[in-house]
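Enquirer: Below is query-v9.cif; it holds mmCIF, C-alpha atoms (C1' of nucleotides).
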```cif
data_model
#
loop_
_atom_site.label_atom_id
_atom_site.label_comp_id
_atom_site.auth_asym_id
_atom_site.auth_seq_id
_atom_site.Cartn_x
_atom_site.Cartn_y
_atom_site.Cartn_z
CA MET A 1 41.89 -61.62 -78.36
CA ASN A 2 40.08 -64.69 -77.08
CA GLN A 3 42.46 -67.21 -75.65
CA ILE A 4 42.22 -70.89 -76.43
CA ILE A 5 42.60 -73.21 -73.47
CA PRO A 6 45.62 -75.54 -73.74
CA PRO A 7 44.70 -79.15 -74.50
CA GLU A 8 44.57 -81.25 -71.34
CA ASN A 9 46.03 -84.39 -72.83
CA LEU A 10 47.67 -85.76 -75.94
CA PRO A 11 44.52 -87.17 -77.61
CA GLU A 12 42.88 -83.78 -77.22
CA LEU A 13 45.84 -82.02 -78.86
CA LEU A 14 45.83 -84.51 -81.72
CA GLU A 15 42.09 -84.13 -82.19
CA ARG A 16 42.44 -80.37 -82.47
CA ALA A 17 45.30 -80.74 -84.93
CA HIS A 18 43.37 -83.17 -87.09
CA LEU A 19 40.40 -80.83 -87.19
CA MET A 20 42.61 -78.23 -88.87
CA ALA A 21 43.60 -80.52 -91.74
CA GLY A 22 42.34 -79.17 -95.06
CA VAL A 23 41.50 -75.79 -93.57
CA SER A 24 43.00 -72.64 -95.11
CA LEU A 25 45.07 -70.15 -93.17
CA ALA A 26 42.50 -67.44 -93.97
CA GLN A 27 39.80 -69.48 -92.24
CA ILE A 28 41.91 -69.89 -89.11
CA ALA A 29 42.90 -66.23 -89.14
CA ALA A 30 39.27 -65.17 -89.41
CA GLN A 31 38.36 -67.24 -86.36
CA ARG A 32 41.19 -65.58 -84.44
CA GLY A 33 40.29 -62.15 -85.76
CA LEU A 34 43.64 -61.68 -87.48
CA ASN A 35 44.60 -60.09 -90.77
CA VAL A 36 46.41 -62.26 -93.29
CA PRO A 37 49.72 -60.73 -94.49
CA ARG A 38 50.15 -60.43 -98.27
CA ASP A 39 53.43 -62.34 -97.96
CA LEU A 40 55.70 -63.57 -95.19
CA LYS A 41 58.70 -61.32 -95.86
CA ARG A 42 58.03 -59.30 -92.74
CA ASP A 43 55.95 -61.97 -91.02
CA LYS A 44 58.21 -64.99 -91.12
CA GLY A 45 56.77 -66.52 -87.98
CA TRP A 46 53.15 -65.76 -88.76
CA VAL A 47 52.04 -69.23 -89.80
CA GLY A 48 53.69 -70.87 -86.82
CA GLN A 49 52.19 -68.42 -84.36
CA LEU A 50 48.75 -68.80 -85.92
CA ILE A 51 48.85 -72.57 -85.54
CA GLU A 52 50.23 -72.27 -82.00
CA MET A 53 47.36 -70.01 -81.08
CA GLU A 54 44.73 -72.23 -82.62
CA LEU A 55 46.04 -75.32 -80.82
CA GLY A 56 46.24 -73.53 -77.48
CA ALA A 57 50.00 -73.50 -77.08
CA THR A 58 51.19 -71.25 -74.32
CA ALA A 59 52.81 -68.33 -76.10
CA GLY A 60 56.19 -67.29 -74.85
CA SER A 61 59.87 -67.34 -75.60
CA LYS A 62 60.85 -69.93 -73.04
CA PRO A 63 63.42 -72.48 -74.27
CA GLU A 64 60.98 -75.31 -73.68
CA GLN A 65 58.56 -77.53 -75.52
CA ASP A 66 55.37 -75.82 -76.63
CA PHE A 67 53.21 -78.25 -74.69
CA LEU A 68 55.45 -78.97 -71.73
CA HIS A 69 52.76 -80.83 -69.82
CA LEU A 70 52.32 -83.17 -72.79
CA GLY A 71 56.00 -83.38 -73.71
CA VAL A 72 55.27 -82.14 -77.21
CA GLU A 73 57.08 -79.60 -79.38
CA LEU A 74 55.02 -78.02 -82.16
CA LYS A 75 56.55 -77.36 -85.58
CA THR A 76 54.81 -76.06 -88.66
CA ILE A 77 56.63 -77.06 -91.82
CA PRO A 78 56.15 -75.50 -95.25
CA ILE A 79 55.67 -78.12 -97.98
CA ASP A 80 55.41 -78.13 -101.77
CA SER A 81 52.63 -79.70 -103.83
CA GLN A 82 54.24 -83.10 -103.40
CA GLY A 83 54.46 -82.87 -99.66
CA ARG A 84 58.19 -82.20 -99.53
CA PRO A 85 59.66 -79.66 -97.11
CA LEU A 86 60.50 -76.28 -98.62
CA GLU A 87 62.66 -75.10 -95.75
CA THR A 88 64.95 -76.44 -93.05
CA THR A 89 63.48 -76.60 -89.56
CA TYR A 90 64.84 -74.43 -86.80
CA VAL A 91 65.31 -76.34 -83.56
CA CYS A 92 66.98 -74.07 -81.00
CA VAL A 93 69.86 -71.75 -80.28
CA ALA A 94 73.27 -73.41 -80.10
CA PRO A 95 75.27 -72.90 -76.90
CA LEU A 96 78.70 -71.52 -77.81
CA SER A 97 80.20 -71.05 -74.35
CA ASN A 98 79.82 -72.58 -70.87
CA ILE A 99 79.39 -75.97 -72.44
CA GLN A 100 81.70 -78.07 -70.30
CA GLY A 101 79.88 -81.19 -69.18
CA LEU A 102 77.08 -80.72 -71.66
CA THR A 103 75.99 -84.04 -73.15
CA TRP A 104 73.57 -85.05 -75.87
CA GLN A 105 71.18 -86.47 -73.29
CA ASN A 106 70.76 -83.15 -71.52
CA SER A 107 70.99 -80.93 -74.58
CA LEU A 108 68.15 -78.70 -75.70
CA VAL A 109 68.13 -80.34 -79.12
CA CYS A 110 67.55 -83.78 -77.61
CA HIS A 111 64.89 -82.49 -75.27
CA LYS A 112 62.95 -80.59 -77.91
CA LEU A 113 63.01 -83.38 -80.47
CA GLN A 114 61.84 -86.11 -78.10
CA ARG A 115 58.35 -85.71 -79.48
CA VAL A 116 57.26 -83.31 -82.20
CA LEU A 117 53.85 -82.55 -83.62
CA TRP A 118 54.52 -81.65 -87.25
CA VAL A 119 51.87 -79.54 -88.93
CA PRO A 120 52.54 -79.32 -92.67
CA VAL A 121 51.29 -76.18 -94.40
CA GLU A 122 51.32 -75.41 -98.10
CA GLY A 123 54.23 -73.04 -98.51
CA GLU A 124 54.85 -72.35 -102.20
CA ARG A 125 55.19 -68.62 -102.73
CA HIS A 126 52.79 -68.52 -105.66
CA ILE A 127 49.94 -69.54 -103.34
CA PRO A 128 48.47 -66.51 -101.57
CA VAL A 129 49.11 -66.87 -97.84
CA GLY A 130 45.43 -66.97 -96.94
CA GLU A 131 44.72 -69.72 -99.46
CA ARG A 132 47.43 -72.02 -98.16
CA ARG A 133 45.95 -75.11 -96.56
CA ILE A 134 46.97 -77.00 -93.47
CA GLY A 135 47.84 -80.66 -93.92
CA THR A 136 47.51 -83.80 -91.83
CA PRO A 137 49.45 -83.50 -88.58
CA ILE A 138 52.12 -86.04 -87.71
CA LEU A 139 53.14 -86.93 -84.18
CA TRP A 140 56.76 -88.02 -84.41
CA GLU A 141 59.16 -89.57 -81.96
CA PRO A 142 62.62 -90.23 -83.36
CA ASP A 143 63.37 -93.93 -83.82
CA PRO A 144 66.74 -95.34 -82.67
CA GLN A 145 68.35 -94.72 -86.04
CA GLU A 146 67.15 -91.13 -86.26
CA LEU A 147 68.24 -90.55 -82.68
CA GLN A 148 71.67 -91.90 -83.49
CA LEU A 149 72.06 -89.61 -86.51
CA LEU A 150 71.01 -86.59 -84.48
CA GLN A 151 73.30 -87.43 -81.60
CA GLN A 152 76.25 -88.02 -83.92
CA ASP A 153 75.84 -84.67 -85.67
CA TRP A 154 75.25 -82.85 -82.40
CA GLU A 155 78.36 -84.31 -80.78
CA GLU A 156 80.50 -83.54 -83.82
CA ILE A 157 79.32 -79.94 -83.97
CA MET A 158 79.61 -79.39 -80.22
CA GLU A 159 83.11 -80.84 -80.22
CA LEU A 160 84.24 -78.25 -82.77
CA ILE A 161 82.55 -75.51 -80.76
CA ALA A 162 84.34 -76.70 -77.63
CA LEU A 163 87.66 -76.61 -79.49
CA GLY A 164 87.07 -73.00 -80.45
CA LYS A 165 86.46 -73.78 -84.12
CA VAL A 166 82.92 -72.40 -84.39
CA GLU A 167 84.00 -70.11 -87.26
CA LYS A 168 85.04 -73.19 -89.24
CA LEU A 169 81.60 -74.75 -88.94
CA THR A 170 79.28 -74.26 -91.91
CA ALA A 171 75.82 -75.52 -92.83
CA ARG A 172 77.58 -78.31 -94.74
CA HIS A 173 78.60 -80.07 -91.55
CA GLY A 174 76.24 -82.73 -90.26
CA GLU A 175 74.08 -85.31 -92.01
CA VAL A 176 70.73 -84.35 -90.56
CA LEU A 177 71.47 -81.52 -88.16
CA GLN A 178 73.24 -78.34 -89.23
CA LEU A 179 74.52 -75.16 -87.60
CA ARG A 180 73.56 -71.83 -89.21
CA PRO A 181 73.39 -68.17 -88.21
CA LYS A 182 70.41 -67.33 -86.05
CA ALA A 183 70.16 -63.66 -85.21
CA ALA A 184 68.61 -60.34 -86.12
CA ASN A 185 71.48 -59.83 -88.58
CA SER A 186 75.16 -60.57 -89.14
CA LYS A 187 76.19 -57.82 -86.74
CA ALA A 188 74.76 -59.61 -83.72
CA LEU A 189 77.43 -61.00 -81.44
CA THR A 190 77.56 -63.48 -78.61
CA GLN A 191 80.27 -65.08 -76.49
CA SER A 192 82.00 -68.17 -77.79
CA ILE A 193 85.05 -70.25 -77.06
CA ALA A 194 88.34 -69.26 -78.71
CA GLU A 195 90.98 -71.76 -79.86
CA ASP A 196 93.14 -70.99 -76.81
CA GLY A 197 90.19 -71.66 -74.52
CA SER A 198 89.49 -68.02 -73.73
CA LEU A 199 86.29 -66.25 -74.72
CA LYS A 200 85.68 -64.29 -77.91
CA MET A 201 82.68 -62.83 -79.72
CA THR A 202 80.97 -64.48 -82.71
CA ASN A 203 77.67 -64.49 -84.55
CA PRO A 204 74.96 -66.45 -82.74
CA ARG A 205 74.09 -69.81 -84.30
CA GLY A 206 71.14 -72.14 -84.21
CA PHE A 207 70.55 -75.84 -84.88
CA TYR A 208 68.43 -76.68 -87.89
CA LEU A 209 67.10 -79.97 -89.28
CA LYS A 210 67.99 -80.48 -92.93
CA THR A 211 65.12 -80.88 -95.38
CA SER A 212 66.28 -84.36 -96.41
CA PHE A 213 65.75 -85.46 -92.81
CA THR A 214 62.33 -83.90 -92.34
CA ALA A 215 61.32 -85.27 -95.74
CA MET A 216 61.96 -88.77 -94.40
CA ILE A 217 59.82 -88.05 -91.36
CA LEU A 218 56.92 -86.89 -93.50
CA ASN A 219 57.40 -89.82 -95.86
CA LYS A 220 57.18 -92.40 -93.11
CA VAL A 221 53.50 -91.57 -92.92
CA PHE A 222 52.53 -90.64 -96.46
CA GLY A 223 55.04 -92.66 -98.43
"C1'" DA B 1 66.81 -75.42 -108.46
"C1'" DG B 2 68.53 -76.02 -103.99
"C1'" DC B 3 71.30 -74.52 -100.34
"C1'" DT B 4 73.69 -71.53 -97.15
"C1'" DG B 5 74.17 -67.44 -94.87
"C1'" DA B 6 71.32 -63.51 -93.69
"C1'" DT B 7 67.31 -61.58 -92.09
"C1'" DC B 8 62.38 -60.04 -89.99
"C1'" DA B 9 59.01 -59.43 -85.92
"C1'" DT B 10 58.24 -59.58 -81.10
"C1'" DG B 11 58.74 -59.58 -75.85
"C1'" DC B 12 61.49 -59.36 -72.38
"C1'" DG C 1 71.20 -59.95 -76.56
"C1'" DC C 2 68.43 -64.16 -76.24
"C1'" DA C 3 64.80 -66.97 -77.35
"C1'" DT C 4 60.51 -67.64 -79.60
"C1'" DG C 5 58.31 -68.19 -84.49
"C1'" DA C 6 60.60 -69.03 -89.02
"C1'" DT C 7 61.42 -67.51 -94.37
"C1'" DC C 8 64.18 -64.73 -97.52
"C1'" DA C 9 67.22 -64.33 -101.30
"C1'" DG C 10 71.78 -64.30 -103.37
"C1'" DC C 11 75.01 -67.55 -104.84
"C1'" DT C 12 76.61 -71.75 -106.52
#
```
Once you've parsed the file, please lay out its structure as structure tokens.

Expert:
Amino acid sequence: MNQIIPPENLPELLERAHLMAGVSLAQIAAQRGLNVPRDLKRDKGWVGQLIEMELGATAGSKPEQDFLHLGVELKTIPIDSQGRPLETTYVCVAPLSNIQGLTWQNSLVCHKLQRVLWVPVEGERHIPVGERRIGTPILWEPDPQELQLLQQDWEEIMELIALGKVEKLTARHGEVLQLRPKAANSKALTQSIAEDGSLKMTNPRGFYLKTSFTAMILNKVFG
DNA sequence: AGCTGATCATGC
DNA sequence: GCATGATCAGCT
């Protein structure tokens, strides 16, 4: 497969992203020589990886921003016909042990969300995957209020994790950031802190942005 | 109808 | 198992 060179600077990345606006996923896939899946049931990350490829993101599973040299994290977000998010947005894995001394400022959530390039994509299931169109990209940096909301939720969630109450945390905690399972299935286990401070095993969790929060981000641009 | 918990693919 | 990319789908 022909590799696309990573963008050298931010304007170049934004130019590439803007050129994709209005284009269908089938068109992009054809350029990349890829088949379009009939649905996303077994290809949940397909859209995101397609957009990554087209923008020249360095593929990989490193816990870092997609464009580290530009300080930009790339997120595709499925939207309905009115431009509202259809799904929450996965941010990163949540640390459940060895978290002493971890602060918001040096957390992975804070680092990844410093600057995000949102690429909206039509996501309603009645639209065939190939016919779904890419929308106008949005470069977002959290404003002080958004940062404060994120930090507050993060600190509240991490505090409960530190106290060994991870099992008591549900997706209902947090205003804008939530903790949910993130694993192959519910049998996956990872180390976490127990209430007595020892270690135990629990299901891995991840941080997700709630749709009400990402809806505000998209609305700041499109109203 | 929206949300929460569960799940799918892939490369170490 | 962990981390990437996320969406699925049953339940409320």

Enquirer: Residues picked by the PyMOL selection byres ((chain C) within 10 of (chain A)) here, as a list in words?

Expert: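 The output of the PyMOL selection byres ((chain C) within 10 of (chain A)) on this file is DG1, DC2, DA3, DT4, DG5, DA6, DT7 and DC8 of chain C.
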
Enquirer: For this file, the PyMOL selection byres ((chain B and resi 6) around 9) selects which residues, as a VMD selection string?

Expert: (chain A and resid 181 to 186) or (chain B and resid 5 7) or (chain C and resid 8 to 9)

Enquirer: Which value, in Å to one decimal, gives the distance between atom CA of Lys112 of chain A and atom CA of Arg84 of chain A?

Expert: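 We find that atom CA of Lys112 of chain A and atom CA of Arg84 of chain A lie 22.2 Å from each other.
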
Enquirer: So the first atom is atom CA of Met53 of chain A and the second is atom CA of Leu218 of chain A; what is the distance between them in Å, to one decimal place?

Expert: 23.0 Å

Enquirer: Could you please determine the separation between atom CA of Gly164 of chain A and atom CA of Ala94 of chain A in Å, to one decimal place?

Expert: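 Atom CA of Ala94 of chain A lies 13.8 Å from atom CA of Gly164 of chain A.
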
Enquirer: Any idea what's packed within 10 Å of Ala21 of chain A, counting all atoms listed in the file, ignoring anything in its chain fewer than 4 positions away? Could you give it as a list in words?

Expert: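 Near neighbours after the sequence-gap exclusion: Arg16, Ala17, Val119, Pro120, Val121, Arg133, Ile134, Gly135, Thr136 and Pro137 of chain A.
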
Enquirer: Using only C-alpha atoms, please write the residues we just selected to a file, as a tab-separated table (two decimals), keeping the file's coordinate frame.

Expert:
```tsv
chain	number	residue	atom	x	y	z
A	16	ARG	CA	42.44	-80.37	-82.47
A	17	ALA	CA	45.30	-80.74	-84.93
A	119	VAL	CA	51.87	-79.54	-88.93
A	120	PRO	CA	52.54	-79.32	-92.67
A	121	VAL	CA	51.29	-76.18	-94.40
A	133	ARG	CA	45.95	-75.11	-96.56
A	134	ILE	CA	46.97	-77.00	-93.47
A	135	GLY	CA	47.84	-80.66	-93.92
A	136	THR	CA	47.51	-83.80	-91.83
A	137	PRO	CA	49.45	-83.50	-88.58
```

Enquirer: Can you work out which one of A:Ile157, A:Leu96, A:Val221, A:Ile4 has the shortest atom-to-atom distance to Val176 of chain A, counting only C-alpha atoms?

Expert: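 Between A:Ile157, A:Leu96, A:Val221, A:Ile4, the residue approaching Val176 of chain A most closely is A:Ile157.
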
Enquirer: Any chance you could work out the residue set of the PyMOL selection byres ((chain A and resi 140-152) around 8) here, as a ChimeraX atom specification?

Expert: /A:104,110,113-118,138-139,153-156,175-177,217

Enquirer: Just write the chosen residues, C-alpha atoms, as a compact mmCIF listing (two decimals), in the coordinates of the input.

Expert:
```txt
# COMPACT_ATOMS: atom_id res chain seq x y z
CA TRP A 104 73.57 -85.05 -75.87
CA CYS A 110 67.55 -83.78 -77.61
CA LEU A 113 63.01 -83.38 -80.47
CA GLN A 114 61.84 -86.11 -78.10
CA ARG A 115 58.35 -85.71 -79.48
CA VAL A 116 57.26 -83.31 -82.20
CA LEU A 117 53.85 -82.55 -83.62
CA TRP A 118 54.52 -81.65 -87.25
CA ILE A 138 52.12 -86.04 -87.71
CA LEU A 139 53.14 -86.93 -84.18
CA ASP A 153 75.84 -84.67 -85.67
CA TRP A 154 75.25 -82.85 -82.40
CA GLU A 155 78.36 -84.31 -80.78
CA GLU A 156 80.50 -83.54 -83.82
CA GLU A 175 74.08 -85.31 -92.01
CA VAL A 176 70.73 -84.35 -90.56
CA LEU A 177 71.47 -81.52 -88.16
CA ILE A 217 59.82 -88.05 -91.36
```

Enquirer: Is it possible to get the residues within 10 Å of (73.1, -79.6, -93.7) (coordinates as in the file, counting all atoms listed in the file) written as a list of chain:residue names?

Expert: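 Within the cut-off we find A:Thr88, A:Asp153, A:Thr170, A:Ala171, A:Arg172, A:His173, A:Gly174, A:Glu175, A:Val176, A:Leu177, A:Gln178, A:Leu179, A:Arg180, A:Phe207, A:Tyr208, A:Leu209, A:Lys210, A:Thr211, A:Ser212, A:Phe213, B:DC3, B:DT4.
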
Enquirer: For the residues in the current selection, export C-alpha atoms (C1' of nucleotides) as a PDB file, keeping the file's coordinate frame.

Expert:
```
ATOM      1  CA  THR A  88      64.950 -76.440 -93.050  1.00  0.00           C
ATOM      2  CA  ASP A 153      75.840 -84.670 -85.670  1.00  0.00           C
ATOM      3  CA  THR A 170      79.280 -74.260 -91.910  1.00  0.00           C
ATOM      4  CA  ALA A 171      75.820 -75.520 -92.830  1.00  0.00           C
ATOM      5  CA  ARG A 172      77.580 -78.310 -94.740  1.00  0.00           C
ATOM      6  CA  HIS A 173      78.600 -80.070 -91.550  1.00  0.00           C
ATOM      7  CA  GLY A 174      76.240 -82.730 -90.260  1.00  0.00           C
ATOM      8  CA  GLU A 175      74.080 -85.310 -92.010  1.00  0.00           C
ATOM      9  CA  VAL A 176      70.730 -84.350 -90.560  1.00  0.00           C
ATOM     10  CA  LEU A 177      71.470 -81.520 -88.160  1.00  0.00           C
ATOM     11  CA  GLN A 178      73.240 -78.340 -89.230  1.00  0.00           C
ATOM     12  CA  LEU A 179      74.520 -75.160 -87.600  1.00  0.00           C
ATOM     13  CA  ARG A 180      73.560 -71.830 -89.210  1.00  0.00           C
ATOM     14  CA  PHE A 207      70.550 -75.840 -84.880  1.00  0.00           C
ATOM     15  CA  TYR A 208      68.430 -76.680 -87.890  1.00  0.00           C
ATOM     16  CA  LEU A 209      67.100 -79.970 -89.280  1.00  0.00           C
ATOM     17  CA  LYS A 210      67.990 -80.480 -92.930  1.00  0.00           C
ATOM     18  CA  THR A 211      65.120 -80.880 -95.380  1.00  0.00           C
ATOM     19  CA  SER A 212      66.280 -84.360 -96.410  1.00  0.00           C
ATOM     20  CA  PHE A 213      65.750 -85.460 -92.810  1.00  0.00           C
TER      21      PHE A 213
ATOM     22  C1'  DC B   3      71.300 -74.520-100.340  1.00  0.00           C
ATOM     23  C1'  DT B   4      73.690 -71.530 -97.150  1.00  0.00           C
TER      24       DT B   4
END
```
